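J.: Pasting a structure below so you can have a look.
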Amino acid sequence: MMISDGDFFMKKTMTFHRKKIWMVFLVCALMLLGLVGRLVYLMGVRSDYYYQKAEELHERERVIKAARGQILDAKGRILADNKTVCTISVIHSQIKDPQKVIEVLSKELEIDTDTVRKKVEKISSIERIKTNVEKSVGDVIRGYELDGVKVDEDYKRYYPYGSLASKVLGFIGGDNQGIIGLEVKYEEILKGQAGKILTTTDARGVEIDQIGESREDPVAGENLKISLDVDLQQYAQQAALKVMEEKQAARVSILLMNPQNGEIYAMVNVPEFNLNEPYRLNDKTEDQMTDEERQNRLNQMWRNPCLNDTYEPGSTFKIITMSAGLEAGVVSVNDRFFCPGYKLVDDRRIHCARRTGHGSQSFVEGAQNSCNPVFIEVGLRLGVENYYHYFKEFGLLKKTGVDLPGEAGTIMHKMENMGNVELATVAFGQSFQITPIQLATTVSSLINGGRRITPHFGVSVLSSDGTSGRKLEYPVETGIISEKTSETVRGILEKVVSEGSGRNARIEGCTVGGKTATSQTLPRSANRYISSFLGFMPAEDPQILGLCIIHDPQGVYYGGTIAAPVIKNI
């Protein structure tokens with residue numbers, strides 16, 4: 001039987017359509033199978049994840065600040081505390097009477113009506129109106145029982161002593177985190193753990209009354225006990241303000257510490273600032289200032305010159321040259337020197353403070369007279385390499401490790417760039433810069449028997465309820481110099497106070513050691529000076545060391561005349 005071309009074509013077409021239908025069916029079946037598999041995966045394997053996501057869509061979270069840990073002085077007095085305040089917020093979807101909400105919040109919070117209106121009418125899950133509201137005001141707003149208005153209690157940092165030790169304690173920002181000082185250095189100890197309030201809502205964002213709120217309580221931060229003593233800090237601050245006013249100085253720094261263990265009892269940098277108003281300039285020059293200029297002034301106001309800034313120490317640094325020379329054996333207490341009023345170094349004539357000279361004198365008398373040529377000679381006897389060795393050995397090329405942020409490092413000539421002239425000027429404390437905390441720490445190590453201590457404020461960490469605590473430990477390096485050299489240095493510095501340039505620091509019935517300094521700032525032609533005195537007592541077994549630095553005093557500017565009496569009185 002013959003098959004026509006038409007029948008053959010028709011059969012072929014039908015076969016093609018059947019294959020196409022089966023192909024479509026197979027694709028649909030695979031897609032359906034994939035969809036079923038995906039649903040099984042989502043509803044089975046990932047069900048917990050999407051259940052949590054669904055819950056989150058119906059939950060509104062409000063953070064509860066943790067009570068920040070207190071900072072306590074050496075006698076347990078509170079230096080940094082918490083004050084209960086309120087945060088006022090609105091939830092747009094829950095507000096039933098917008099006009100009343102606007103009127104009440106504007107009145108009680110003393111905010112412009114238009115400002116409040118914009119926030120009340122803004123469509124968002126929650127809108128914060130104002131933070132750090134006094135609790136009494138928050139209680140009044142809560143009393144109106146306004147739908148959609150939330151009054152949450154949290155904490156504001158409060159400093160009972162105002163400006164006392166402002167550059168040491170530091171302050172916190174709006175996020176409850178430390179910004180400067182101990183507040184930022186011990187952030188992890190002080191901050192605590194925030195809590196939260198979870199509110200369940202319907203699809204419109206309205207709270208479901210039957211479910212109510214769930215709450216995760218915050219965990220308070222731990223307390224920090226420090227070595228600073230309020231009484232010493234207050235007295236030192238008064239002394240600094242007095243001499244700053246009398247000498248019309250730019251600023252004054254005073255540091256009191258224990259040279260045996262590094263505990264800092266007081267650190268004053270006047271002018272200080274009010275910790276409860278840290279963004280208000282302390283020199284009353286708010287007017288006609290750009291935002292950038294104002295921020296720069298604030299940054300300068302917050303600086304702690306005792307460790308953030310360097311300066312030329314002048315003759316107080318002769319203690320380091322003295323210790324290095326005695327330890328190396330290039331000088332002894334019996335060596336004699338002659339001072340004609342200057343010292344020729346290479347082609348440079350370097351003058352003594354006394355232009356007429358001190359004549360013949362022993363090494364001890366040279367220290368008493370703070371004679372530059374004597375210490376230049378000791379530096380030259382040591383030589384660049386040896387002097388640099390002791391500079392490094394004493395710890396002057398590394399930071400002290402003080403527990404405050406932003407410590408500056410020493411600015412010193414590289415050894416390969418030091419010639420005799422540079423060595424000579426360094427030997428009596430010029431042509432390089434260090435921080436006051438570095439000077440105090442290094443001298444402490446030289447008079448305590450040769451132990452390089454770490455200066456610090458933190459003494460112990462206490463739990464918020466006071467039931468437990470732990471002592472903080474700090475590194476100590478031994479063998480900086482020998483005990484014999486240290487004893488000799490103490491004896492010489494006692495002579496400086498009892499018979500020499502530091503006699504204005506003598507205290508009847510006590511043995512006091514120390515060294516005066518008067519250095520000239522750059523440029524030398526400006527005739528600006530830094531006057532300072534470093535002293536310690538008792539000289540034979542130092543328990544307290546004090547350093548006073550007066551920047552740009554007017555009139556008489558000698559350290560022995562104006563700085564030594566400050567430390568004596570303290």
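In the structure tokens, each chain is lettered A, B, ... as it comes, each chain's residues begin at 1, and ligands are numbered from 1 in order of appearance.
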Could you pull the residues within 10 Å of stretch 398-411 of chain A, counting only C-alpha atoms, minus those fewer than 2 positions along the same chain, as JSON, numbers by chain?

T.: {"A": [167, 168, 169, 170, 179, 180, 181, 182, 183, 184, 185, 186, 262, 263, 264, 303, 304, 305, 306, 307, 308, 309, 310, 311, 312, 392, 393, 394, 395, 396, 413, 414, 431, 432, 433, 434, 435, 437, 438, 439, 440, 441, 442, 452, 453, 454, 455, 456, 457, 458, 474, 475]}

J.: Give me, as a list in words, all polymer residues having an atom no more than 10 Å from A:Gly546, counting only C-alpha atoms and skipping those fewer than 5 positions away in the same chain.

T.: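 My reading of the contact set: Ile254, Leu255, Leu256, Met257, Asn258, Pro259, Tyr265, Ala266, Met267, Ala440, Gly514, Phe533, Leu534, Gly535, Phe536, Met537, Ala564, Val566, Ile567, Lys568 and Ile570 of chain A.
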
J.: Of the candidates A:Asp541, A:Asp154, A:Glu292, A:Asp346, which shows the shortest atom-to-atom distance to A:Asp175, using only C-alpha atoms?

T.: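 Among the listed residues, A:Asp154 lies closest to A:Asp175.
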
J.: Restricting the calculation to only C-alpha atoms: of A:Ala324, A:Met418, A:Leu397, A:Met23, which residue gets closest to A:Arg381?

T.: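 For A:Arg381, the nearest of the given residues is A:Ala324.
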
J.: Choose the residue, out of A:Ser124, A:Val333, A:Ser532, A:Val140, that has the smallest atom-to-atom separation from A:Leu105; count only C-alpha atoms.

T.: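 Closest residue, counting only C-alpha atoms: A:Val140.
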
J.: Please provide as a list in words all residues within 10 Å of A:Arg506, with the sequence filter that same-chain residues fewer than 3 positions apart are discarded (counting only C-alpha atoms).

T.: Glu494, Val496, Val497, Ser498, Glu499, Gly502, Arg503, Gly509, Cys510, Thr511, Val512, Gly513, Gly514, Gly535, Ala564, Pro565, Ile567, Lys568 and Asn569 of chain A

J.: Identify which of the residues A:Leu493, A:Ser163, A:Leu232, A:Leu33 lies closest to A:Asn369, counting only C-alpha atoms when measuring atom-to-atom distances.

T.: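 Smallest distance to A:Asn369 is found for A:Leu493.
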
J.: Write out as a PyMOL selection string the set of residues from stretch 238-476 of chain A that DSSP, computed on the backbone, places in strand (DSSP E or B).

T.: chain A and resi 251-257+263-270+311+336-339+342-345+348-351+359-362+411+433-434+452+456+458-462+469-471

J.: Name all residues at most 12 Å from A:Leu164 (count only C-alpha atoms; drop same-chain ones fewer than 5 positions away) and give them as a PDB file with all heavy atoms, in the first residue's frame.

T.:
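Okay, this is what ended up in selection-v9.pdb:
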```pdb
ATOM      1  N   ASP A  73      38.313  57.361  93.284  1.00  0.00           N
ATOM      2  CA  ASP A  73      39.665  57.803  93.604  1.00  0.00           C
ATOM      3  C   ASP A  73      40.303  56.833  94.597  1.00  0.00           C
ATOM      4  O   ASP A  73      39.702  55.823  94.997  1.00  0.00           O
ATOM      5  CB  ASP A  73      39.665  59.251  94.088  1.00  0.00           C
ATOM      6  CG  ASP A  73      39.539  59.408  95.593  1.00  0.00           C
ATOM      7  OD1 ASP A  73      38.876  58.563  96.234  1.00  0.00           O
ATOM      8  OD2 ASP A  73      40.085  60.386  96.145  1.00  0.00           O
ATOM      9  N   ILE A  78      33.743  59.005  94.552  1.00  0.00           N
ATOM     10  CA  ILE A  78      33.264  58.855  93.173  1.00  0.00           C
ATOM     11  C   ILE A  78      33.689  60.051  92.321  1.00  0.00           C
ATOM     12  O   ILE A  78      33.335  61.193  92.602  1.00  0.00           O
ATOM     13  CB  ILE A  78      31.732  58.702  93.143  1.00  0.00           C
ATOM     14  CG1 ILE A  78      31.310  57.444  93.916  1.00  0.00           C
ATOM     15  CG2 ILE A  78      31.238  58.619  91.702  1.00  0.00           C
ATOM     16  CD1 ILE A  78      29.810  57.305  94.083  1.00  0.00           C
ATOM     17  N   LEU A  79      34.431  59.764  91.259  1.00  0.00           N
ATOM     18  CA  LEU A  79      34.883  60.794  90.317  1.00  0.00           C
ATOM     19  C   LEU A  79      34.014  60.837  89.063  1.00  0.00           C
ATOM     20  O   LEU A  79      33.875  61.882  88.434  1.00  0.00           O
ATOM     21  CB  LEU A  79      36.339  60.541  89.916  1.00  0.00           C
ATOM     22  CG  LEU A  79      37.365  60.580  91.057  1.00  0.00           C
ATOM     23  CD1 LEU A  79      38.709  60.067  90.573  1.00  0.00           C
ATOM     24  CD2 LEU A  79      37.504  61.976  91.613  1.00  0.00           C
ATOM     25  N   ALA A  80      33.467  59.693  88.692  1.00  0.00           N
ATOM     26  CA  ALA A  80      32.571  59.602  87.526  1.00  0.00           C
ATOM     27  C   ALA A  80      31.420  58.689  87.899  1.00  0.00           C
ATOM     28  O   ALA A  80      31.632  57.564  88.336  1.00  0.00           O
ATOM     29  CB  ALA A  80      33.318  59.058  86.308  1.00  0.00           C
ATOM     30  N   TYR A 159      29.868  63.957  86.502  1.00  0.00           N
ATOM     31  CA  TYR A 159      31.161  64.118  87.166  1.00  0.00           C
ATOM     32  C   TYR A 159      30.997  65.065  88.362  1.00  0.00           C
ATOM     33  O   TYR A 159      30.890  66.286  88.171  1.00  0.00           O
ATOM     34  CB  TYR A 159      32.202  64.647  86.178  1.00  0.00           C
ATOM     35  CG  TYR A 159      32.357  63.740  84.975  1.00  0.00           C
ATOM     36  CD1 TYR A 159      31.591  63.943  83.822  1.00  0.00           C
ATOM     37  CD2 TYR A 159      33.225  62.667  85.001  1.00  0.00           C
ATOM     38  CE1 TYR A 159      31.702  63.094  82.728  1.00  0.00           C
ATOM     39  CE2 TYR A 159      33.356  61.815  83.910  1.00  0.00           C
ATOM     40  CZ  TYR A 159      32.586  62.033  82.784  1.00  0.00           C
ATOM     41  OH  TYR A 159      32.696  61.185  81.703  1.00  0.00           O
ATOM     42  N   LEU A 169      40.357  62.074  83.521  1.00  0.00           N
ATOM     43  CA  LEU A 169      39.140  61.262  83.526  1.00  0.00           C
ATOM     44  C   LEU A 169      38.550  61.133  82.130  1.00  0.00           C
ATOM     45  O   LEU A 169      38.125  60.053  81.711  1.00  0.00           O
ATOM     46  CB  LEU A 169      38.102  61.875  84.469  1.00  0.00           C
ATOM     47  CG  LEU A 169      38.491  61.939  85.951  1.00  0.00           C
ATOM     48  CD1 LEU A 169      37.412  62.666  86.741  1.00  0.00           C
ATOM     49  CD2 LEU A 169      38.713  60.541  86.513  1.00  0.00           C
ATOM     50  N   GLY A 170      38.490  62.232  81.374  1.00  0.00           N
ATOM     51  CA  GLY A 170      37.852  62.226  80.073  1.00  0.00           C
ATOM     52  C   GLY A 170      36.344  62.207  80.203  1.00  0.00           C
ATOM     53  O   GLY A 170      35.791  62.367  81.297  1.00  0.00           O
ATOM     54  N   LEU A 228      44.661  58.254  91.708  1.00  0.00           N
ATOM     55  CA  LEU A 228      44.498  59.702  91.887  1.00  0.00           C
ATOM     56  C   LEU A 228      43.773  59.995  93.197  1.00  0.00           C
ATOM     57  O   LEU A 228      42.772  59.350  93.513  1.00  0.00           O
ATOM     58  CB  LEU A 228      43.724  60.276  90.704  1.00  0.00           C
ATOM     59  CG  LEU A 228      43.548  61.797  90.664  1.00  0.00           C
ATOM     60  CD1 LEU A 228      43.677  62.300  89.233  1.00  0.00           C
ATOM     61  CD2 LEU A 228      42.183  62.210  91.214  1.00  0.00           C
ATOM     62  N   ASP A 229      44.281  60.957  93.949  1.00  0.00           N
ATOM     63  CA  ASP A 229      43.695  61.344  95.234  1.00  0.00           C
ATOM     64  C   ASP A 229      43.049  62.728  95.077  1.00  0.00           C
ATOM     65  O   ASP A 229      43.722  63.687  94.691  1.00  0.00           O
ATOM     66  CB  ASP A 229      44.786  61.376  96.312  1.00  0.00           C
ATOM     67  CG  ASP A 229      44.245  61.674  97.687  1.00  0.00           C
ATOM     68  OD1 ASP A 229      43.804  62.822  97.923  1.00  0.00           O
ATOM     69  OD2 ASP A 229      44.265  60.772  98.553  1.00  0.00           O
ATOM     70  N   VAL A 230      41.759  62.811  95.368  1.00  0.00           N
ATOM     71  CA  VAL A 230      41.014  64.058  95.184  1.00  0.00           C
ATOM     72  C   VAL A 230      41.670  65.214  95.929  1.00  0.00           C
ATOM     73  O   VAL A 230      41.799  66.325  95.396  1.00  0.00           O
ATOM     74  CB  VAL A 230      39.547  63.891  95.638  1.00  0.00           C
ATOM     75  CG1 VAL A 230      38.886  65.252  95.827  1.00  0.00           C
ATOM     76  CG2 VAL A 230      38.763  63.085  94.614  1.00  0.00           C
ATOM     77  N   ASP A 231      42.099  64.978  97.162  1.00  0.00           N
ATOM     78  CA  ASP A 231      42.694  66.059  97.962  1.00  0.00           C
ATOM     79  C   ASP A 231      43.972  66.591  97.315  1.00  0.00           C
ATOM     80  O   ASP A 231      44.167  67.808  97.198  1.00  0.00           O
ATOM     81  CB  ASP A 231      42.992  65.567  99.382  1.00  0.00           C
ATOM     82  CG  ASP A 231      41.737  65.159 100.133  1.00  0.00           C
ATOM     83  OD1 ASP A 231      40.692  65.807  99.918  1.00  0.00           O
ATOM     84  OD2 ASP A 231      41.784  64.190 100.905  1.00  0.00           O
ATOM     85  N   LEU A 232      44.844  65.681  96.890  1.00  0.00           N
ATOM     86  CA  LEU A 232      46.093  66.104  96.250  1.00  0.00           C
ATOM     87  C   LEU A 232      45.812  66.780  94.910  1.00  0.00           C
ATOM     88  O   LEU A 232      46.451  67.781  94.570  1.00  0.00           O
ATOM     89  CB  LEU A 232      47.012  64.896  96.041  1.00  0.00           C
ATOM     90  CG  LEU A 232      47.725  64.359  97.287  1.00  0.00           C
ATOM     91  CD1 LEU A 232      48.467  63.067  96.963  1.00  0.00           C
ATOM     92  CD2 LEU A 232      48.692  65.385  97.844  1.00  0.00           C
ATOM     93  N   GLN A 233      44.874  66.233  94.163  1.00  0.00           N
ATOM     94  CA  GLN A 233      44.529  66.816  92.868  1.00  0.00           C
ATOM     95  C   GLN A 233      43.977  68.220  93.040  1.00  0.00           C
ATOM     96  O   GLN A 233      44.343  69.146  92.305  1.00  0.00           O
ATOM     97  CB  GLN A 233      43.524  65.921  92.142  1.00  0.00           C
ATOM     98  CG  GLN A 233      43.118  66.421  90.764  1.00  0.00           C
ATOM     99  CD  GLN A 233      44.161  66.177  89.697  1.00  0.00           C
ATOM    100  OE1 GLN A 233      45.040  65.329  89.845  1.00  0.00           O
ATOM    101  NE2 GLN A 233      44.070  66.905  88.586  1.00  0.00           N
ATOM    102  N   GLN A 234      43.090  68.409  94.012  1.00  0.00           N
ATOM    103  CA  GLN A 234      42.508  69.733  94.241  1.00  0.00           C
ATOM    104  C   GLN A 234      43.577  70.733  94.669  1.00  0.00           C
ATOM    105  O   GLN A 234      43.610  71.864  94.183  1.00  0.00           O
ATOM    106  CB  GLN A 234      41.416  69.650  95.313  1.00  0.00           C
ATOM    107  CG  GLN A 234      40.118  69.027  94.834  1.00  0.00           C
ATOM    108  CD  GLN A 234      39.064  68.953  95.914  1.00  0.00           C
ATOM    109  OE1 GLN A 234      39.372  68.783  97.097  1.00  0.00           O
ATOM    110  NE2 GLN A 234      37.802  69.059  95.534  1.00  0.00           N
ATOM    111  N   TYR A 235      44.456  70.307  95.576  1.00  0.00           N
ATOM    112  CA  TYR A 235      45.487  71.227  96.054  1.00  0.00           C
ATOM    113  C   TYR A 235      46.456  71.588  94.928  1.00  0.00           C
ATOM    114  O   TYR A 235      46.840  72.758  94.763  1.00  0.00           O
ATOM    115  CB  TYR A 235      46.249  70.617  97.234  1.00  0.00           C
ATOM    116  CG  TYR A 235      47.050  71.639  97.988  1.00  0.00           C
ATOM    117  CD1 TYR A 235      46.499  72.332  99.064  1.00  0.00           C
ATOM    118  CD2 TYR A 235      48.352  71.952  97.606  1.00  0.00           C
ATOM    119  CE1 TYR A 235      47.227  73.298  99.738  1.00  0.00           C
ATOM    120  CE2 TYR A 235      49.090  72.913  98.272  1.00  0.00           C
ATOM    121  CZ  TYR A 235      48.515  73.584  99.341  1.00  0.00           C
ATOM    122  OH  TYR A 235      49.235  74.543 100.006  1.00  0.00           O
ATOM    123  N   ALA A 236      46.832  70.576  94.146  1.00  0.00           N
ATOM    124  CA  ALA A 236      47.754  70.829  93.041  1.00  0.00           C
ATOM    125  C   ALA A 236      47.110  71.730  91.985  1.00  0.00           C
ATOM    126  O   ALA A 236      47.771  72.600  91.415  1.00  0.00           O
ATOM    127  CB  ALA A 236      48.189  69.505  92.414  1.00  0.00           C
ATOM    128  N   GLN A 237      45.817  71.541  91.751  1.00  0.00           N
ATOM    129  CA  GLN A 237      45.122  72.374  90.763  1.00  0.00           C
ATOM    130  C   GLN A 237      45.045  73.822  91.243  1.00  0.00           C
ATOM    131  O   GLN A 237      45.247  74.759  90.456  1.00  0.00           O
ATOM    132  CB  GLN A 237      43.708  71.828  90.515  1.00  0.00           C
ATOM    133  CG  GLN A 237      42.961  72.545  89.388  1.00  0.00           C
ATOM    134  CD  GLN A 237      41.751  71.770  88.902  1.00  0.00           C
ATOM    135  OE1 GLN A 237      41.806  70.556  88.696  1.00  0.00           O
ATOM    136  NE2 GLN A 237      40.633  72.449  88.723  1.00  0.00           N
ATOM    137  N   GLN A 238      44.780  74.024  92.534  1.00  0.00           N
ATOM    138  CA  GLN A 238      44.754  75.379  93.088  1.00  0.00           C
ATOM    139  C   GLN A 238      46.126  76.033  92.981  1.00  0.00           C
ATOM    140  O   GLN A 238      46.245  77.214  92.634  1.00  0.00           O
ATOM    141  CB  GLN A 238      44.307  75.326  94.551  1.00  0.00           C
ATOM    142  CG  GLN A 238      42.832  74.968  94.730  1.00  0.00           C
ATOM    143  CD  GLN A 238      42.487  74.654  96.173  1.00  0.00           C
ATOM    144  OE1 GLN A 238      43.324  74.769  97.072  1.00  0.00           O
ATOM    145  NE2 GLN A 238      41.251  74.250  96.409  1.00  0.00           N
ATOM    146  N   ALA A 266      48.314  62.708  91.261  1.00  0.00           N
ATOM    147  CA  ALA A 266      47.683  63.913  90.725  1.00  0.00           C
ATOM    148  C   ALA A 266      48.296  64.229  89.368  1.00  0.00           C
ATOM    149  O   ALA A 266      49.495  64.026  89.160  1.00  0.00           O
ATOM    150  CB  ALA A 266      47.854  65.094  91.669  1.00  0.00           C
ATOM    151  N   MET A 267      47.453  64.701  88.449  1.00  0.00           N
ATOM    152  CA  MET A 267      47.927  65.166  87.149  1.00  0.00           C
ATOM    153  C   MET A 267      47.066  66.364  86.765  1.00  0.00           C
ATOM    154  O   MET A 267      45.897  66.220  86.435  1.00  0.00           O
ATOM    155  CB  MET A 267      47.836  64.069  86.092  1.00  0.00           C
ATOM    156  CG  MET A 267      48.403  64.484  84.736  1.00  0.00           C
ATOM    157  SD  MET A 267      48.299  63.177  83.465  1.00  0.00           S
ATOM    158  CE  MET A 267      49.674  62.124  83.937  1.00  0.00           C
ATOM    159  N   VAL A 268      47.671  67.537  86.849  1.00  0.00           N
ATOM    160  CA  VAL A 268      46.952  68.793  86.626  1.00  0.00           C
ATOM    161  C   VAL A 268      47.442  69.445  85.344  1.00  0.00           C
ATOM    162  O   VAL A 268      48.651  69.489  85.084  1.00  0.00           O
ATOM    163  CB  VAL A 268      47.169  69.749  87.819  1.00  0.00           C
ATOM    164  CG1 VAL A 268      46.596  71.125  87.525  1.00  0.00           C
ATOM    165  CG2 VAL A 268      46.557  69.171  89.089  1.00  0.00           C
ATOM    166  N   ASN A 269      46.503  69.926  84.547  1.00  0.00           N
ATOM    167  CA  ASN A 269      46.841  70.703  83.351  1.00  0.00           C
ATOM    168  C   ASN A 269      45.866  71.869  83.266  1.00  0.00           C
ATOM    169  O   ASN A 269      44.746  71.705  82.786  1.00  0.00           O
ATOM    170  CB  ASN A 269      46.720  69.833  82.095  1.00  0.00           C
ATOM    171  CG  ASN A 269      47.684  68.672  82.073  1.00  0.00           C
ATOM    172  OD1 ASN A 269      48.854  68.822  81.749  1.00  0.00           O
ATOM    173  ND2 ASN A 269      47.193  67.485  82.429  1.00  0.00           N
ATOM    174  N   VAL A 270      46.257  73.017  83.779  1.00  0.00           N
ATOM    175  CA  VAL A 270      45.353  74.166  83.741  1.00  0.00           C
ATOM    176  C   VAL A 270      45.692  75.034  82.523  1.00  0.00           C
ATOM    177  O   VAL A 270      46.861  75.183  82.170  1.00  0.00           O
ATOM    178  CB  VAL A 270      45.426  75.003  85.045  1.00  0.00           C
ATOM    179  CG1 VAL A 270      44.875  74.201  86.205  1.00  0.00           C
ATOM    180  CG2 VAL A 270      46.835  75.475  85.358  1.00  0.00           C
ATOM    181  N   PRO A 271      44.660  75.589  81.868  1.00  0.00           N
ATOM    182  CA  PRO A 271      43.249  75.521  82.265  1.00  0.00           C
ATOM    183  C   PRO A 271      42.607  74.169  81.962  1.00  0.00           C
ATOM    184  O   PRO A 271      42.850  73.593  80.909  1.00  0.00           O
ATOM    185  CB  PRO A 271      42.600  76.635  81.455  1.00  0.00           C
ATOM    186  CG  PRO A 271      43.476  76.774  80.239  1.00  0.00           C
ATOM    187  CD  PRO A 271      44.870  76.473  80.696  1.00  0.00           C
ATOM    188  N   GLU A 272      41.799  73.681  82.917  1.00  0.00           N
ATOM    189  CA  GLU A 272      41.031  72.455  82.732  1.00  0.00           C
ATOM    190  C   GLU A 272      39.691  72.832  82.075  1.00  0.00           C
ATOM    191  O   GLU A 272      39.491  73.982  81.693  1.00  0.00           O
ATOM    192  CB  GLU A 272      40.792  71.762  84.080  1.00  0.00           C
ATOM    193  CG  GLU A 272      42.072  71.393  84.832  1.00  0.00           C
ATOM    194  CD  GLU A 272      42.620  70.021  84.488  1.00  0.00           C
ATOM    195  OE1 GLU A 272      41.991  69.320  83.656  1.00  0.00           O
ATOM    196  OE2 GLU A 272      43.675  69.638  85.027  1.00  0.00           O
ATOM    197  N   PHE A 273      38.767  71.882  81.946  1.00  0.00           N
ATOM    198  CA  PHE A 273      37.445  72.184  81.396  1.00  0.00           C
ATOM    199  C   PHE A 273      36.382  71.417  82.181  1.00  0.00           C
ATOM    200  O   PHE A 273      36.693  70.452  82.891  1.00  0.00           O
ATOM    201  CB  PHE A 273      37.370  71.843  79.905  1.00  0.00           C
ATOM    202  CG  PHE A 273      37.539  70.376  79.598  1.00  0.00           C
ATOM    203  CD1 PHE A 273      36.440  69.532  79.510  1.00  0.00           C
ATOM    204  CD2 PHE A 273      38.804  69.830  79.389  1.00  0.00           C
ATOM    205  CE1 PHE A 273      36.595  68.187  79.224  1.00  0.00           C
ATOM    206  CE2 PHE A 273      38.966  68.481  79.117  1.00  0.00           C
ATOM    207  CZ  PHE A 273      37.859  67.655  79.032  1.00  0.00           C
ATOM    208  N   ASN A 274      35.130  71.856  82.068  1.00  0.00           N
ATOM    209  CA  ASN A 274      34.040  71.249  82.827  1.00  0.00           C
ATOM    210  C   ASN A 274      33.616  69.945  82.156  1.00  0.00           C
ATOM    211  O   ASN A 274      33.113  69.936  81.040  1.00  0.00           O
ATOM    212  CB  ASN A 274      32.847  72.222  82.901  1.00  0.00           C
ATOM    213  CG  ASN A 274      31.750  71.704  83.828  1.00  0.00           C
ATOM    214  OD1 ASN A 274      31.744  70.542  84.226  1.00  0.00           O
ATOM    215  ND2 ASN A 274      30.824  72.579  84.174  1.00  0.00           N
ATOM    216  N   LEU A 275      33.806  68.826  82.850  1.00  0.00           N
ATOM    217  CA  LEU A 275      33.472  67.519  82.297  1.00  0.00           C
ATOM    218  C   LEU A 275      31.977  67.345  82.032  1.00  0.00           C
ATOM    219  O   LEU A 275      31.589  66.546  81.184  1.00  0.00           O
ATOM    220  CB  LEU A 275      33.950  66.420  83.245  1.00  0.00           C
ATOM    221  CG  LEU A 275      35.461  66.167  83.241  1.00  0.00           C
ATOM    222  CD1 LEU A 275      35.858  65.290  84.412  1.00  0.00           C
ATOM    223  CD2 LEU A 275      35.904  65.544  81.930  1.00  0.00           C
ATOM    224  N   ASN A 276      31.144  68.087  82.757  1.00  0.00           N
ATOM    225  CA  ASN A 276      29.707  67.993  82.550  1.00  0.00           C
ATOM    226  C   ASN A 276      29.232  68.827  81.362  1.00  0.00           C
ATOM    227  O   ASN A 276      28.089  68.700  80.925  1.00  0.00           O
ATOM    228  CB  ASN A 276      28.956  68.406  83.816  1.00  0.00           C
ATOM    229  CG  ASN A 276      29.220  67.442  84.963  1.00  0.00           C
ATOM    230  OD1 ASN A 276      29.086  66.238  84.810  1.00  0.00           O
ATOM    231  ND2 ASN A 276      29.633  67.965  86.109  1.00  0.00           N
TER     232      ASN A 276
END
```

J.: Choose the residue, out of A:Cys339, A:Leu298, A:Ala539, A:Ile226, that has the smallest atom-to-atom separation from A:Ile71; count only C-alpha atoms.

T.: A:Ile226
